[in-house]
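The next block is run_15.txt, given as compact mmCIF, N, CA and C atoms.
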```
# COMPACT_ATOMS: atom_id res chain seq x y z
N MET A 1119 0.18 -21.30 7.08
CA MET A 1119 0.93 -20.82 8.23
C MET A 1119 1.75 -19.59 7.86
N ALA A 1120 2.37 -19.62 6.68
CA ALA A 1120 3.19 -18.48 6.25
C ALA A 1120 2.32 -17.24 6.06
N GLY A 1121 1.13 -17.42 5.52
CA GLY A 1121 0.22 -16.31 5.33
C GLY A 1121 -0.21 -15.69 6.65
N ALA A 1122 -0.46 -16.53 7.64
CA ALA A 1122 -0.86 -16.05 8.96
C ALA A 1122 0.28 -15.25 9.61
N VAL A 1123 1.49 -15.71 9.44
CA VAL A 1123 2.65 -15.01 10.00
C VAL A 1123 2.81 -13.65 9.31
N CYS A 1124 2.64 -13.62 8.00
CA CYS A 1124 2.75 -12.34 7.28
C CYS A 1124 1.66 -11.36 7.71
N LEU A 1125 0.44 -11.84 7.85
CA LEU A 1125 -0.64 -10.97 8.29
C LEU A 1125 -0.42 -10.46 9.72
N ALA A 1126 0.08 -11.32 10.58
CA ALA A 1126 0.36 -10.90 11.96
C ALA A 1126 1.47 -9.85 11.99
N ALA A 1127 2.52 -10.05 11.21
CA ALA A 1127 3.61 -9.06 11.16
C ALA A 1127 3.10 -7.73 10.62
N GLN A 1128 2.27 -7.80 9.60
CA GLN A 1128 1.69 -6.59 9.02
C GLN A 1128 0.86 -5.84 10.05
N ALA A 1129 0.04 -6.55 10.79
CA ALA A 1129 -0.81 -5.93 11.80
C ALA A 1129 0.02 -5.30 12.92
N ILE A 1130 1.06 -5.98 13.34
CA ILE A 1130 1.93 -5.45 14.39
C ILE A 1130 2.63 -4.18 13.93
N LEU A 1131 3.14 -4.18 12.71
CA LEU A 1131 3.80 -2.99 12.18
C LEU A 1131 2.83 -1.82 12.05
N PHE A 1132 1.63 -2.10 11.59
CA PHE A 1132 0.62 -1.05 11.40
C PHE A 1132 0.23 -0.43 12.73
N VAL A 1133 -0.10 -1.25 13.69
CA VAL A 1133 -0.53 -0.74 15.00
C VAL A 1133 0.64 -0.05 15.73
N SER A 1134 1.83 -0.59 15.57
CA SER A 1134 3.00 0.03 16.21
C SER A 1134 3.27 1.41 15.63
N SER A 1135 3.12 1.55 14.32
CA SER A 1135 3.37 2.86 13.72
C SER A 1135 2.36 3.89 14.22
N ILE A 1136 1.11 3.48 14.42
CA ILE A 1136 0.12 4.40 14.97
C ILE A 1136 0.46 4.75 16.41
N ALA A 1137 0.88 3.76 17.18
CA ALA A 1137 1.21 4.01 18.59
C ALA A 1137 2.43 4.93 18.72
N ILE A 1138 3.40 4.77 17.86
CA ILE A 1138 4.63 5.57 17.96
C ILE A 1138 4.42 6.98 17.43
N TYR A 1139 3.85 7.10 16.23
CA TYR A 1139 3.76 8.40 15.57
C TYR A 1139 2.44 9.14 15.80
N ARG A 1140 1.44 8.43 16.30
CA ARG A 1140 0.12 9.01 16.59
C ARG A 1140 -0.49 9.72 15.38
N GLN A 1141 -0.37 9.11 14.24
CA GLN A 1141 -0.91 9.64 12.99
C GLN A 1141 -1.73 8.55 12.31
N ALA A 1142 -2.89 8.26 12.85
CA ALA A 1142 -3.70 7.16 12.35
C ALA A 1142 -4.16 7.39 10.91
N ALA A 1143 -4.55 8.60 10.58
CA ALA A 1143 -5.03 8.87 9.22
C ALA A 1143 -3.92 8.66 8.19
N VAL A 1144 -2.74 9.17 8.48
CA VAL A 1144 -1.61 9.00 7.55
C VAL A 1144 -1.22 7.53 7.47
N ALA A 1145 -1.21 6.84 8.59
CA ALA A 1145 -0.89 5.41 8.58
C ALA A 1145 -1.88 4.64 7.73
N ASN A 1146 -3.14 4.99 7.79
CA ASN A 1146 -4.15 4.32 6.99
C ASN A 1146 -3.95 4.58 5.50
N VAL A 1147 -3.60 5.81 5.15
CA VAL A 1147 -3.36 6.13 3.74
C VAL A 1147 -2.14 5.37 3.24
N VAL A 1148 -1.07 5.34 4.01
CA VAL A 1148 0.13 4.61 3.60
C VAL A 1148 -0.16 3.11 3.52
N TYR A 1149 -0.95 2.61 4.44
CA TYR A 1149 -1.31 1.19 4.44
C TYR A 1149 -2.05 0.80 3.16
N SER A 1150 -2.79 1.75 2.61
CA SER A 1150 -3.53 1.45 1.40
C SER A 1150 -2.63 1.25 0.19
N SER A 1151 -1.34 1.49 0.34
CA SER A 1151 -0.41 1.24 -0.77
C SER A 1151 -0.28 -0.25 -1.07
N ARG A 1152 -0.87 -1.09 -0.25
CA ARG A 1152 -0.82 -2.52 -0.52
C ARG A 1152 -1.48 -2.86 -1.86
N GLY A 1153 -2.36 -1.99 -2.34
CA GLY A 1153 -2.97 -2.20 -3.65
C GLY A 1153 -1.93 -2.21 -4.76
N LEU A 1154 -0.98 -1.29 -4.68
CA LEU A 1154 0.10 -1.25 -5.66
C LEU A 1154 0.97 -2.49 -5.55
N TRP A 1155 1.30 -2.87 -4.33
CA TRP A 1155 2.16 -4.03 -4.15
C TRP A 1155 1.50 -5.31 -4.65
N SER A 1156 0.18 -5.41 -4.50
CA SER A 1156 -0.50 -6.61 -4.98
C SER A 1156 -0.48 -6.67 -6.50
N ILE A 1157 -0.60 -5.53 -7.17
CA ILE A 1157 -0.53 -5.51 -8.63
C ILE A 1157 0.86 -5.94 -9.08
N LEU A 1158 1.88 -5.39 -8.45
CA LEU A 1158 3.25 -5.75 -8.81
C LEU A 1158 3.55 -7.21 -8.52
N ALA A 1159 3.02 -7.73 -7.41
CA ALA A 1159 3.27 -9.13 -7.06
C ALA A 1159 2.63 -10.07 -8.07
N VAL A 1160 1.39 -9.78 -8.47
CA VAL A 1160 0.72 -10.63 -9.45
C VAL A 1160 1.47 -10.59 -10.77
N TRP A 1161 1.92 -9.41 -11.16
CA TRP A 1161 2.64 -9.28 -12.43
C TRP A 1161 3.98 -10.00 -12.38
N ALA A 1162 4.69 -9.89 -11.24
CA ALA A 1162 6.05 -10.43 -11.16
C ALA A 1162 6.10 -11.93 -10.86
N VAL A 1163 5.33 -12.39 -9.90
CA VAL A 1163 5.48 -13.78 -9.46
C VAL A 1163 4.19 -14.59 -9.51
N GLY A 1164 3.12 -14.00 -10.00
CA GLY A 1164 1.85 -14.72 -10.04
C GLY A 1164 1.89 -16.00 -10.85
N HIS A 1165 2.67 -16.01 -11.92
CA HIS A 1165 2.75 -17.21 -12.76
C HIS A 1165 3.38 -18.38 -12.02
N TRP A 1166 4.21 -18.11 -11.04
CA TRP A 1166 4.79 -19.19 -10.24
C TRP A 1166 3.74 -19.91 -9.41
N LEU A 1167 2.68 -19.17 -9.09
CA LEU A 1167 1.62 -19.73 -8.25
C LEU A 1167 0.40 -20.14 -9.06
N GLY A 1168 0.53 -20.17 -10.37
CA GLY A 1168 -0.58 -20.57 -11.22
C GLY A 1168 -1.58 -19.47 -11.51
N ASN A 1169 -1.22 -18.22 -11.24
CA ASN A 1169 -2.10 -17.09 -11.51
C ASN A 1169 -1.64 -16.42 -12.80
N TYR A 1170 -2.49 -16.43 -13.79
CA TYR A 1170 -2.13 -15.84 -15.08
C TYR A 1170 -2.92 -14.56 -15.34
N GLU A 1171 -3.23 -13.85 -14.29
CA GLU A 1171 -3.98 -12.61 -14.40
C GLU A 1171 -3.19 -11.54 -15.14
N ALA A 1172 -1.88 -11.63 -15.13
CA ALA A 1172 -1.06 -10.64 -15.81
C ALA A 1172 -1.23 -10.73 -17.33
N ARG A 1173 -1.80 -11.82 -17.82
CA ARG A 1173 -1.98 -12.01 -19.26
C ARG A 1173 -3.31 -11.47 -19.78
N VAL A 1174 -4.07 -10.76 -18.98
CA VAL A 1174 -5.39 -10.29 -19.41
C VAL A 1174 -5.30 -9.21 -20.46
N GLY A 1175 -4.17 -8.65 -20.65
CA GLY A 1175 -4.00 -7.62 -21.67
C GLY A 1175 -3.40 -6.36 -21.10
N ARG A 1176 -2.73 -5.64 -21.98
CA ARG A 1176 -2.04 -4.42 -21.56
C ARG A 1176 -3.01 -3.34 -21.11
N GLY A 1177 -4.16 -3.24 -21.78
CA GLY A 1177 -5.13 -2.22 -21.42
C GLY A 1177 -5.63 -2.38 -19.99
N HIS A 1178 -5.94 -3.62 -19.64
CA HIS A 1178 -6.43 -3.91 -18.29
C HIS A 1178 -5.35 -3.60 -17.25
N LEU A 1179 -4.14 -4.04 -17.54
CA LEU A 1179 -3.02 -3.79 -16.62
C LEU A 1179 -2.72 -2.29 -16.54
N ALA A 1180 -2.85 -1.57 -17.65
CA ALA A 1180 -2.59 -0.13 -17.66
C ALA A 1180 -3.58 0.60 -16.74
N TRP A 1181 -4.85 0.19 -16.76
CA TRP A 1181 -5.84 0.81 -15.88
C TRP A 1181 -5.51 0.54 -14.41
N ARG A 1182 -5.07 -0.67 -14.13
CA ARG A 1182 -4.69 -0.99 -12.74
C ARG A 1182 -3.50 -0.16 -12.29
N ILE A 1183 -2.52 -0.03 -13.15
CA ILE A 1183 -1.33 0.74 -12.80
C ILE A 1183 -1.67 2.21 -12.67
N ALA A 1184 -2.57 2.71 -13.51
CA ALA A 1184 -3.01 4.11 -13.41
C ALA A 1184 -3.69 4.36 -12.06
N GLY A 1185 -4.55 3.45 -11.65
CA GLY A 1185 -5.21 3.58 -10.35
C GLY A 1185 -4.21 3.52 -9.21
N ALA A 1186 -3.26 2.60 -9.30
CA ALA A 1186 -2.24 2.48 -8.26
C ALA A 1186 -1.36 3.73 -8.22
N THR A 1187 -1.08 4.31 -9.37
CA THR A 1187 -0.28 5.53 -9.42
C THR A 1187 -1.01 6.68 -8.74
N LEU A 1188 -2.30 6.80 -8.98
CA LEU A 1188 -3.08 7.83 -8.29
C LEU A 1188 -3.06 7.62 -6.78
N LEU A 1189 -3.11 6.37 -6.38
CA LEU A 1189 -3.05 6.05 -4.96
C LEU A 1189 -1.70 6.46 -4.37
N ILE A 1190 -0.63 6.19 -5.07
CA ILE A 1190 0.70 6.57 -4.60
C ILE A 1190 0.81 8.09 -4.51
N ILE A 1191 0.25 8.81 -5.48
CA ILE A 1191 0.27 10.27 -5.43
C ILE A 1191 -0.49 10.76 -4.19
N ALA A 1192 -1.62 10.15 -3.90
CA ALA A 1192 -2.39 10.52 -2.71
C ALA A 1192 -1.59 10.24 -1.44
N ILE A 1193 -0.90 9.13 -1.41
CA ILE A 1193 -0.07 8.80 -0.24
C ILE A 1193 1.02 9.84 -0.06
N LEU A 1194 1.70 10.19 -1.14
CA LEU A 1194 2.77 11.19 -1.05
C LEU A 1194 2.22 12.54 -0.60
N CYS A 1195 1.06 12.92 -1.10
CA CYS A 1195 0.45 14.19 -0.69
C CYS A 1195 0.10 14.17 0.80
N ALA A 1196 -0.44 13.07 1.27
CA ALA A 1196 -0.82 12.96 2.68
C ALA A 1196 0.40 13.01 3.59
N VAL A 1197 1.43 12.27 3.22
CA VAL A 1197 2.64 12.23 4.05
C VAL A 1197 3.35 13.58 3.98
N TRP A 1198 3.47 14.14 2.78
CA TRP A 1198 4.15 15.43 2.63
C TRP A 1198 3.39 16.52 3.38
N GLY A 1199 2.06 16.48 3.33
CA GLY A 1199 1.25 17.47 4.04
C GLY A 1199 1.47 17.39 5.54
N LYS A 1200 1.59 16.19 6.08
CA LYS A 1200 1.84 16.04 7.52
C LYS A 1200 3.23 16.51 7.90
N LEU A 1201 4.19 16.34 6.99
CA LEU A 1201 5.55 16.78 7.28
C LEU A 1201 5.66 18.31 7.24
N GLN A 1202 4.87 18.94 6.38
CA GLN A 1202 4.96 20.39 6.20
C GLN A 1202 4.03 21.16 7.12
N ALA A 1203 2.95 20.55 7.59
CA ALA A 1203 1.97 21.26 8.41
C ALA A 1203 2.52 21.52 9.81
N PRO A 1204 2.27 22.71 10.34
CA PRO A 1204 2.72 22.99 11.71
C PRO A 1204 1.90 22.15 12.70
N THR A 1205 2.54 21.69 13.72
CA THR A 1205 1.87 20.90 14.73
C THR A 1205 1.23 21.83 15.75
N LEU A 1206 -0.08 21.73 15.92
CA LEU A 1206 -0.81 22.62 16.81
C LEU A 1206 -0.88 22.10 18.24
N LEU A 1207 -0.61 20.81 18.42
CA LEU A 1207 -0.80 20.21 19.74
C LEU A 1207 0.49 20.03 20.52
N ARG A 1208 1.56 20.62 20.08
CA ARG A 1208 2.83 20.42 20.80
C ARG A 1208 2.95 21.33 21.98
```

With the file now loaded, output its structure as structure tokens.
Amino acid sequence: MAGAVCLAAQAILFVSSIAIYRQAAVANVVYSSRGLWSILAVWAVGHWLGNYEARVGRGHLAWRIAGATLLIIAILCAVWGKLQAPTLLR
């Protein structure tokens, strides 16, 4: 039940942001940041839930963090580009 509530809240926030800001592409890029949050969640609290994936080794975790960092850089570039680009449809 808690998972369903979290997914519903996530969907409402995502669709609302598109409806308000009318930037579906940017919203999709920002939404993809969930990959970083899942890595951090597994590392921080996964052991409480019986998930020991954080123990696979530093090399494996380093590759995941490197990928997530590239994703965050892409998100920042997309958001910054939308903030700096002149709006043609106003």

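Note that the spacing between atom C of Tyr1149 (chain A) and atom C of Trp1161 (chain A) amounts to 19.9 Å.
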
re CA of Leu1189 (chain A) and atom C of Ala1137 (chain A): distance 24.3 Å

Given 6 Å of margin on each side, can you work out the centre and size in Å (one decimal) of an axis-aligned box holding every listed atom of region 1128-1143 of chain A, as lines of an AutoDock Vina configuration file?
```
center_x = -0.2
center_y = 1.0
center_z = 13.5
size_x = 21.7
size_y = 29.5
size_z = 22.5
```

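Among the candidates A:Ile1190, A:Cys1195, A:Ala1127, A:Ala1122, the residue lying nearest to Ser1150 (chain A) is A:Ile1190 (atoms considered: only C-alpha atoms).
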
Could you pull the residues within 8 Å of Val1197 (chain A), counting only N, CA and C atoms, minus those fewer than 6 positions along the same chain, as a PyMOL selection string?
chain A and resi 1144+1147-1148+1191+1203

May I ask which of the residues A:Asn1169, A:Val1163, A:Gly1185, A:Ala1196 is the closest one to Ala1143 (chain A), counting only C-alpha atoms?
A:Ala1196

Calculate how many Å separate CA of Tyr1170 (chain A) from atom C of Ala1126 (chain A), rounding to one decimal.
28.0 Å
